[in-house]
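entry.cif (mmCIF, C-alpha atoms) appears below.
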data_upload
#
loop_
_atom_site.label_atom_id
_atom_site.label_comp_id
_atom_site.auth_asym_id
_atom_site.auth_seq_id
_atom_site.Cartn_x
_atom_site.Cartn_y
_atom_site.Cartn_z
CA MET X 1 99.73 -69.63 1.59
CA PRO X 2 98.28 -72.82 3.03
CA ALA X 3 100.36 -75.70 3.94
CA PRO X 4 100.78 -78.36 1.34
CA THR X 5 99.18 -80.90 3.63
CA ALA X 6 95.99 -78.74 4.28
CA LEU X 7 92.62 -80.02 3.14
CA GLN X 8 91.65 -78.48 -0.11
CA ARG X 9 88.08 -77.06 -0.38
CA ALA X 10 85.97 -76.20 -3.33
CA PRO X 11 86.03 -72.52 -4.32
CA GLN X 12 82.19 -72.13 -3.99
CA ALA X 13 82.10 -73.64 -0.48
CA LEU X 14 84.94 -71.38 0.56
CA ALA X 15 83.10 -68.27 -0.73
CA ASP X 16 79.95 -69.19 1.23
CA GLU X 17 81.88 -69.58 4.40
CA MET X 18 83.62 -66.27 3.97
CA THR X 19 80.28 -64.28 3.49
CA PRO X 20 79.63 -62.15 6.63
CA ASP X 21 76.29 -62.39 8.46
CA THR X 22 74.19 -59.18 8.20
CA ALA X 23 72.65 -59.56 11.65
CA GLN X 24 75.93 -60.06 13.47
CA PRO X 25 77.26 -56.41 13.34
CA MET X 26 74.02 -55.09 14.95
CA ALA X 27 74.86 -57.00 18.14
CA ASP X 28 78.49 -55.82 18.22
CA ASN X 29 77.84 -52.11 17.58
CA ASP X 30 76.94 -49.86 20.48
CA ASP X 31 74.49 -47.81 18.38
CA MET X 32 71.35 -49.71 17.67
CA THR X 33 69.92 -49.21 14.19
CA ILE X 34 66.20 -49.83 13.76
CA THR X 35 65.11 -50.72 10.29
CA THR X 36 61.40 -50.25 9.49
CA SER X 37 60.02 -52.30 6.74
CA THR X 38 56.56 -52.10 5.27
CA THR X 39 54.82 -55.34 4.94
CA HIS X 40 51.61 -55.91 3.06
CA THR X 41 49.20 -58.40 4.46
CA ALA X 42 46.91 -59.92 2.00
CA ILE X 43 43.24 -59.82 3.01
CA ASP X 44 41.33 -62.82 2.14
CA ALA X 45 38.26 -62.07 0.01
CA PRO X 46 34.94 -63.00 1.61
CA GLU X 47 33.59 -66.22 0.63
CA THR X 48 30.87 -66.06 -1.97
CA VAL X 49 27.67 -67.61 -0.76
CA PRO X 50 25.52 -68.84 -3.59
CA LEU X 51 21.97 -67.44 -3.58
CA PRO X 52 19.14 -69.87 -3.34
CA SER X 53 17.29 -70.48 -6.54
CA PRO X 54 13.93 -68.61 -6.73
CA THR X 55 10.82 -70.58 -6.04
CA ALA X 56 7.98 -70.95 -8.49
CA ASP X 57 5.95 -68.11 -6.89
CA GLU X 58 8.91 -65.71 -6.93
CA ALA X 59 9.65 -66.53 -10.52
CA ALA X 60 6.06 -65.77 -11.45
CA MET X 61 6.25 -62.32 -9.77
CA GLN X 62 9.25 -61.16 -11.79
CA ILE X 63 8.39 -58.26 -14.13
CA ASP X 64 9.98 -57.74 -17.48
CA SER X 65 11.62 -54.27 -17.49
CA LYS X 66 10.97 -53.85 -21.20
CA SER X 67 7.21 -54.15 -20.83
CA SER X 68 4.90 -51.45 -19.34
CA LEU X 69 4.37 -51.57 -15.58
CA PHE X 70 0.75 -50.41 -15.75
CA ALA X 71 -2.02 -50.99 -18.17
CA PRO X 72 -3.32 -47.90 -20.03
CA GLU X 73 -6.02 -46.01 -18.19
CA LYS X 74 -9.51 -46.53 -19.43
CA ALA X 75 -11.70 -43.63 -20.43
CA SER X 76 -13.60 -42.25 -17.47
CA THR X 77 -17.36 -42.66 -17.57
CA ARG X 78 -18.01 -40.07 -14.85
CA ARG X 79 -19.94 -36.98 -15.85
CA LEU X 80 -18.66 -33.51 -15.10
CA LYS X 81 -20.46 -31.80 -12.25
CA VAL X 82 -21.93 -28.59 -13.59
CA GLU X 83 -22.72 -25.72 -11.23
CA ASP X 84 -24.93 -22.82 -12.13
CA ARG X 85 -25.98 -19.53 -10.53
CA LYS X 86 -28.60 -16.94 -11.35
CA VAL X 87 -28.34 -13.22 -10.66
CA ARG X 88 -31.57 -11.24 -10.66
CA ILE X 89 -31.44 -7.91 -12.45
CA PRO X 90 -33.46 -4.97 -11.04
CA PRO X 91 -35.90 -3.41 -13.53
CA HIS X 92 -34.04 -0.09 -13.64
CA ARG X 93 -30.75 -1.86 -14.53
CA LEU X 94 -32.14 -4.06 -17.29
CA THR X 95 -31.79 -1.44 -20.03
CA PRO X 96 -28.18 -0.53 -19.04
CA LEU X 97 -27.40 -4.26 -18.99
CA LYS X 98 -28.56 -4.67 -22.58
CA ALA X 99 -26.51 -1.68 -23.65
CA ALA X 100 -23.35 -2.84 -21.87
CA TRP X 101 -23.76 -6.57 -22.63
CA PRO X 102 -20.97 -6.63 -25.30
CA LYS X 103 -18.55 -5.47 -22.57
CA ILE X 104 -19.86 -7.79 -19.84
CA TYR X 105 -19.85 -11.29 -21.28
CA PRO X 106 -16.31 -11.43 -22.87
CA PRO X 107 -14.45 -11.37 -19.52
CA LEU X 108 -16.73 -14.08 -18.15
CA VAL X 109 -16.26 -16.35 -21.15
CA GLU X 110 -12.62 -15.69 -22.03
CA HIS X 111 -11.08 -15.10 -18.62
CA LEU X 112 -13.16 -17.33 -16.31
CA LYS X 113 -14.18 -19.91 -18.95
CA LEU X 114 -17.84 -19.72 -17.91
CA GLN X 115 -21.02 -20.13 -19.90
CA VAL X 116 -23.27 -17.10 -19.53
CA ARG X 117 -26.56 -15.95 -20.97
CA MET X 118 -29.08 -13.19 -20.32
CA ASN X 119 -32.64 -14.39 -19.73
CA VAL X 120 -34.78 -11.42 -20.66
CA SER X 121 -38.08 -13.05 -19.80
CA LYS X 122 -37.01 -13.87 -16.23
CA LYS X 123 -34.80 -10.76 -15.92
CA THR X 124 -31.81 -12.77 -14.75
CA VAL X 125 -28.26 -13.50 -15.86
CA GLU X 126 -27.43 -17.21 -15.73
CA LEU X 127 -23.88 -18.45 -15.19
CA ARG X 128 -22.66 -22.02 -15.53
CA THR X 129 -19.36 -23.84 -15.33
CA SER X 130 -18.00 -25.93 -18.18
CA SER X 131 -15.33 -28.53 -18.83
CA LEU X 132 -12.84 -25.72 -19.57
CA THR X 133 -13.32 -24.01 -16.20
CA THR X 134 -10.17 -24.44 -14.09
CA ASP X 135 -10.62 -21.91 -11.29
CA THR X 136 -12.78 -23.25 -8.45
CA GLY X 137 -13.87 -19.73 -7.52
CA ALA X 138 -14.67 -18.65 -11.07
CA LEU X 139 -18.42 -18.96 -10.60
CA GLN X 140 -18.44 -16.80 -7.46
CA LYS X 141 -16.26 -14.18 -9.15
CA GLY X 142 -18.68 -14.04 -12.06
CA VAL X 143 -21.62 -13.57 -9.70
CA ASP X 144 -19.81 -10.75 -7.90
CA PHE X 145 -19.06 -9.07 -11.22
CA ILE X 146 -22.71 -9.11 -12.32
CA THR X 147 -23.86 -8.04 -8.86
CA ALA X 148 -21.49 -5.07 -8.94
CA PHE X 149 -22.99 -3.97 -12.24
CA THR X 150 -26.54 -4.25 -10.90
CA LEU X 151 -25.56 -2.01 -7.98
CA GLY X 152 -24.54 0.73 -10.39
CA PHE X 153 -20.78 0.29 -10.84
CA ASP X 154 -19.24 0.82 -14.25
CA PRO X 155 -18.21 -2.40 -16.05
CA ASP X 156 -14.62 -1.12 -16.30
CA ASP X 157 -14.52 -0.77 -12.50
CA ALA X 158 -16.41 -3.99 -11.74
CA ILE X 159 -14.07 -6.05 -13.91
CA ALA X 160 -11.39 -5.62 -11.24
CA LEU X 161 -13.33 -8.18 -9.17
CA LEU X 162 -12.35 -10.82 -11.74
CA ARG X 163 -8.65 -10.04 -11.68
CA LEU X 164 -8.01 -9.30 -8.00
CA ASP X 165 -8.88 -11.44 -4.98
CA ASP X 166 -8.86 -8.79 -2.25
CA LEU X 167 -11.69 -6.58 -3.50
CA TYR X 168 -15.06 -6.39 -1.77
CA ILE X 169 -18.34 -4.50 -1.96
CA GLU X 170 -19.83 -2.91 1.14
CA THR X 171 -23.26 -1.31 1.33
CA PHE X 172 -24.70 0.88 4.05
CA GLU X 173 -27.56 3.33 4.31
CA ILE X 174 -27.31 6.98 5.18
CA LYS X 175 -29.70 6.55 8.08
CA ASP X 176 -27.14 4.18 9.62
CA VAL X 177 -24.96 7.24 10.21
CA LYS X 178 -27.71 9.59 11.28
CA THR X 179 -31.49 9.26 11.31
CA LEU X 180 -32.98 11.64 8.73
CA GLY X 181 -36.32 12.01 7.06
CA GLY X 182 -38.11 14.03 4.45
CA GLU X 183 -36.12 16.69 2.68
CA HIS X 184 -33.15 16.21 5.01
CA MET X 185 -32.44 12.84 3.41
CA GLY X 186 -32.27 14.35 -0.06
CA ARG X 187 -29.94 17.07 1.16
CA ALA X 188 -27.69 14.48 2.79
CA VAL X 189 -27.30 12.61 -0.52
CA GLY X 190 -26.51 15.88 -2.26
CA ARG X 191 -23.85 16.74 0.31
CA ILE X 192 -22.11 13.42 -0.17
CA ALA X 193 -22.08 13.87 -3.96
CA GLY X 194 -21.10 17.55 -3.83
CA LYS X 195 -21.35 20.04 -6.64
CA ASP X 196 -20.89 18.20 -9.95
CA GLY X 197 -19.78 15.15 -7.92
CA LYS X 198 -16.59 16.80 -6.66
CA THR X 199 -16.93 15.54 -3.09
CA LYS X 200 -17.57 11.96 -4.21
CA TYR X 201 -14.63 12.06 -6.61
CA ALA X 202 -12.35 13.44 -3.90
CA ILE X 203 -13.28 10.56 -1.57
CA GLU X 204 -12.77 8.00 -4.36
CA ASN X 205 -9.35 9.33 -5.33
CA ALA X 206 -8.16 9.63 -1.74
CA SER X 207 -9.30 6.15 -0.62
CA ARG X 208 -8.75 4.40 -3.97
CA THR X 209 -12.30 3.10 -4.06
CA ARG X 210 -15.41 3.52 -6.16
CA VAL X 211 -18.55 4.95 -4.59
CA VAL X 212 -22.09 4.66 -5.92
CA LEU X 213 -24.98 6.66 -4.44
CA ALA X 214 -28.23 4.80 -5.03
CA ASP X 215 -31.12 6.61 -3.36
CA THR X 216 -30.47 6.28 0.38
CA LYS X 217 -27.79 3.59 0.02
CA VAL X 218 -24.07 3.95 -0.49
CA HIS X 219 -22.11 1.19 -2.25
CA ILE X 220 -18.32 1.11 -1.94
CA LEU X 221 -16.03 -1.08 -4.04
CA GLY X 222 -12.40 -1.57 -3.00
CA GLY X 223 -10.01 -3.24 -0.58
CA PHE X 224 -10.83 -3.82 3.08
CA GLN X 225 -8.78 -0.92 4.46
CA ASN X 226 -9.77 1.39 1.61
CA ILE X 227 -13.45 0.72 2.18
CA HIS X 228 -13.00 1.58 5.85
CA VAL X 229 -11.33 4.89 4.95
CA ALA X 230 -14.07 5.81 2.46
CA ARG X 231 -16.87 4.97 4.87
CA GLU X 232 -15.30 6.98 7.69
CA ALA X 233 -14.85 9.93 5.36
CA ILE X 234 -18.48 9.80 4.20
CA SER X 235 -19.77 9.39 7.75
CA ALA X 236 -17.61 12.24 9.09
CA TRP X 237 -18.53 14.55 6.22
CA GLN X 238 -22.22 13.78 6.59
CA GLY X 239 -22.13 14.35 10.35
CA VAL X 240 -20.30 17.66 10.04
CA ARG X 241 -22.62 19.10 7.39
CA GLN X 242 -25.74 17.90 9.19
CA SER X 243 -24.59 19.57 12.40
CA ALA X 244 -23.95 22.79 10.49
CA ASP X 245 -27.45 22.80 9.02
CA CYS X 246 -29.09 22.09 12.37
CA GLY X 247 -26.99 24.70 14.16
CA GLY X 248 -26.03 22.24 16.83
CA GLU X 249 -22.37 23.22 16.97
CA ASP X 250 -20.40 26.39 17.20
CA GLU X 251 -19.45 27.93 13.88
CA GLY X 252 -15.75 27.78 14.72
CA ALA X 253 -15.94 24.02 15.33
CA ILE X 254 -17.50 23.24 11.95
CA LEU X 255 -15.13 22.05 9.27
CA SER X 256 -15.43 23.62 5.88
CA GLU X 257 -15.61 21.60 2.69
CA LYS X 258 -11.96 22.35 2.00
CA ASP X 259 -10.90 21.05 5.41
CA VAL X 260 -12.80 17.80 4.93
CA HIS X 261 -11.14 17.26 1.56
CA GLY X 262 -7.78 17.93 3.11
CA LYS X 263 -8.49 15.45 5.89
CA VAL X 264 -9.43 12.78 3.39
CA TRP X 265 -6.33 13.34 1.33
CA ASP X 266 -4.10 13.08 4.39
#
In structure tokens, what does this structure look like?
Amino acid sequence: MPAPTALQRAPQALADEMTPDTAQPMADNDDMTITTSTTHTAIDAPETVPLPSPTADEAAMQIDSKSSLFAPEKASTRRLKVEDRKVRIPPHRLTPLKAAWPKIYPPLVEHLKLQVRMNVSKKTVELRTSSLTTDTGALQKGVDFITAFTLGFDPDDAIALLRLDDLYIETFEIKDVKTLGGEHMGRAVGRIAGKDGKTKYAIENASRTRVVLADTKVHILGGFQNIHVAREAISAWQGVRQSADCGGEDEGAILSEKDVHGKVWD
């Protein structure tokens, strides 16, 4: 109890004086306590720089997004370039052409979108492009198709030239394989055809080609490798049979017709 003569203090001032300092015990204690506090530093926003007002020229170049950027295209006044080709028809193929014409022109018109007509007076078939033609090589394909028919190929076989791009026609003469004359040339053609065309059919089926014998010429329709196989078979068969007729080789070294067919099939 304080002495009666002690100075009296206000209760609030006495309570403030009696409050202990929070930092003082950290200095007295031997163990140091580290208190980590997270502080947030406010980042000042960048200052906004006002944009300069557009000049008169820049204001004139502004485009309204709601309006069209380009004016509608005007109708072209250019004329379509039309290309035409003429295929001459041999006299002996003119009658077959007239008979097979209903099977020839539909693929040219419907598939290649070409204009085609048969000129009987000039004995030619005229082909022409149109505004509906989209394939740049359509005209050449049509010419190859008509040319294949004039060489003697069936329209059903020649139409493959319109649908496939890797088909070709190769022509060679029998005298290119071996020089013959007189009756020997006729016999050579007969050997290539065989009895009832069996030899020719065997070569066609084995090489996947089509072969046409036209006098002393041989026309082959097919792929590049297939044409090579068919020509080698015809040349080998012709050389073997010619040697047998001339007696230039030993009988044991001459291949029979069955062996040649087996070689082609292999």
Name the closest residue to Arg163 of chain X among the candidates X:His111, X:Arg231, X:Lys123, X:Lys175; distances are taken between atoms, counting all atoms listed in the file. X:His111
One decimal, in Å: what's the spacing between atom CA of Ala236 of chain X and atom CA of Asp157 of chain X? 25.4 Å
What's the separation between atom CA of Leu167 of chain X and atom CA of Ala148 of chain X, in Å to one decimal place? 11.3 Å
Residue members of the PyMOL selection byres ((chain X and resi 185-193) around 8) in the file shown, as a PyMOL selection string: chain X and resi 174+180-184+194-200+213+215-216+234+237-238+241-242
Residue contacts of Arg208 of chain X (7 Å, all atoms listed in the file) excluding same-chain residues fewer than 3 positions away, as a PyMOL selection string: chain X and resi 204-205+226
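When all atoms listed in the file are used to measure the gap to Asp84 of chain X, the shortest distance among X:Ile203, X:Ala230, X:Val177, X:Leu114 belongs to X:Leu114.
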Where is the centre and how long are the edges: axis-aligned box on segment 110-125 of chain X, 8 Å on each side, Å to one decimal, as AutoDock Vina command-line options:
--center_x -24.6 --center_y -15.4 --center_z -18.4 --size_x 43.0 --size_y 25.4 --size_z 23.3
Tell me which of X:Leu69, X:Ile89, X:Ala158, X:Ala138 sits closest to Ile104 of chain X, counting all atoms listed in the file.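 Nearest to Ile104 of chain X: X:Ala158.
Listed by chain and then by number, the residues chosen by the PyMOL selection byres ((chain X and resi 87) around 10) in this file are Arg85, Lys86, Arg88, Ile89, Pro90, Met118, Lys123, Thr124, Val125, Glu126, Leu127, Gly142, Val143, Asp144, Ile146, Thr147 and Thr150 of chain X.
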Counting only C-alpha atoms, which of X:Gly152, X:Thr179, X:Ala233, X:Asp135 gets nearest to Ala202 of chain X?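 Going through X:Gly152, X:Thr179, X:Ala233, X:Asp135 one by one, the smallest distance to Ala202 of chain X is for X:Ala233.
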Pick from X:Leu162, X:Glu173, X:Val116, X:Arg93 nearest to Phe149 of chain X, counting only C-alpha atoms: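 That would be X:Arg93, the residue with the smallest distance to Phe149 of chain X.
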Would you mind reading off the distance between atom CA of Arg210 of chain X and atom CA of Leu139 of chain X, one decimal, in Å?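 Atom-to-atom, atom CA of Arg210 of chain X to atom CA of Leu139 of chain X, that is 23.1 Å.
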Incomplete segment 226-239 of chain X filled out to N, CA and C atoms as an mmCIF file, in the frame of the given file:
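Result went into part.cif, see below:
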data_model
loop_
_atom_site.group_PDB
_atom_site.id
_atom_site.type_symbol
_atom_site.label_atom_id
_atom_site.label_comp_id
_atom_site.auth_asym_id
_atom_site.auth_seq_id
_atom_site.Cartn_x
_atom_site.Cartn_y
_atom_site.Cartn_z
ATOM 1 N N ASN X 226 -9.299 0.250 2.392
ATOM 2 C CA ASN X 226 -9.770 1.390 1.610
ATOM 3 C C ASN X 226 -11.265 1.635 1.810
ATOM 4 N N ILE X 227 -12.025 0.566 1.922
ATOM 5 C CA ILE X 227 -13.450 0.720 2.180
ATOM 6 C C ILE X 227 -13.677 1.384 3.537
ATOM 7 N N HIS X 228 -12.873 0.984 4.512
ATOM 8 C CA HIS X 228 -13.000 1.580 5.850
ATOM 9 C C HIS X 228 -12.702 3.084 5.805
ATOM 10 N N VAL X 229 -11.677 3.473 5.058
ATOM 11 C CA VAL X 229 -11.330 4.890 4.950
ATOM 12 C C VAL X 229 -12.455 5.661 4.266
ATOM 13 N N ALA X 230 -12.996 5.128 3.177
ATOM 14 C CA ALA X 230 -14.070 5.810 2.460
ATOM 15 C C ALA X 230 -15.325 5.941 3.309
ATOM 16 N N ARG X 231 -15.665 4.893 4.043
ATOM 17 C CA ARG X 231 -16.870 4.970 4.870
ATOM 18 C C ARG X 231 -16.695 5.975 6.001
ATOM 19 N N GLU X 232 -15.531 6.004 6.620
ATOM 20 C CA GLU X 232 -15.300 6.980 7.690
ATOM 21 C C GLU X 232 -15.342 8.406 7.144
ATOM 22 N N ALA X 233 -14.819 8.600 5.947
ATOM 23 C CA ALA X 233 -14.850 9.930 5.360
ATOM 24 C C ALA X 233 -16.286 10.373 5.060
ATOM 25 N N ILE X 234 -17.079 9.464 4.498
ATOM 26 C CA ILE X 234 -18.480 9.800 4.200
ATOM 27 C C ILE X 234 -19.257 10.056 5.479
ATOM 28 N N SER X 235 -19.039 9.223 6.482
ATOM 29 C CA SER X 235 -19.770 9.390 7.750
ATOM 30 C C SER X 235 -19.362 10.700 8.427
ATOM 31 N N ALA X 236 -18.064 11.005 8.450
ATOM 32 C CA ALA X 236 -17.610 12.240 9.090
ATOM 33 C C ALA X 236 -18.112 13.466 8.337
ATOM 34 N N TRP X 237 -18.061 13.407 7.008
ATOM 35 C CA TRP X 237 -18.530 14.550 6.220
ATOM 36 C C TRP X 237 -20.017 14.757 6.388
ATOM 37 N N GLN X 238 -20.777 13.666 6.415
ATOM 38 C CA GLN X 238 -22.220 13.780 6.590
ATOM 39 C C GLN X 238 -22.554 14.324 7.974
ATOM 40 N N GLY X 239 -21.844 13.858 8.995
ATOM 41 C CA GLY X 239 -22.130 14.350 10.350
ATOM 42 C C GLY X 239 -21.783 15.812 10.524
#
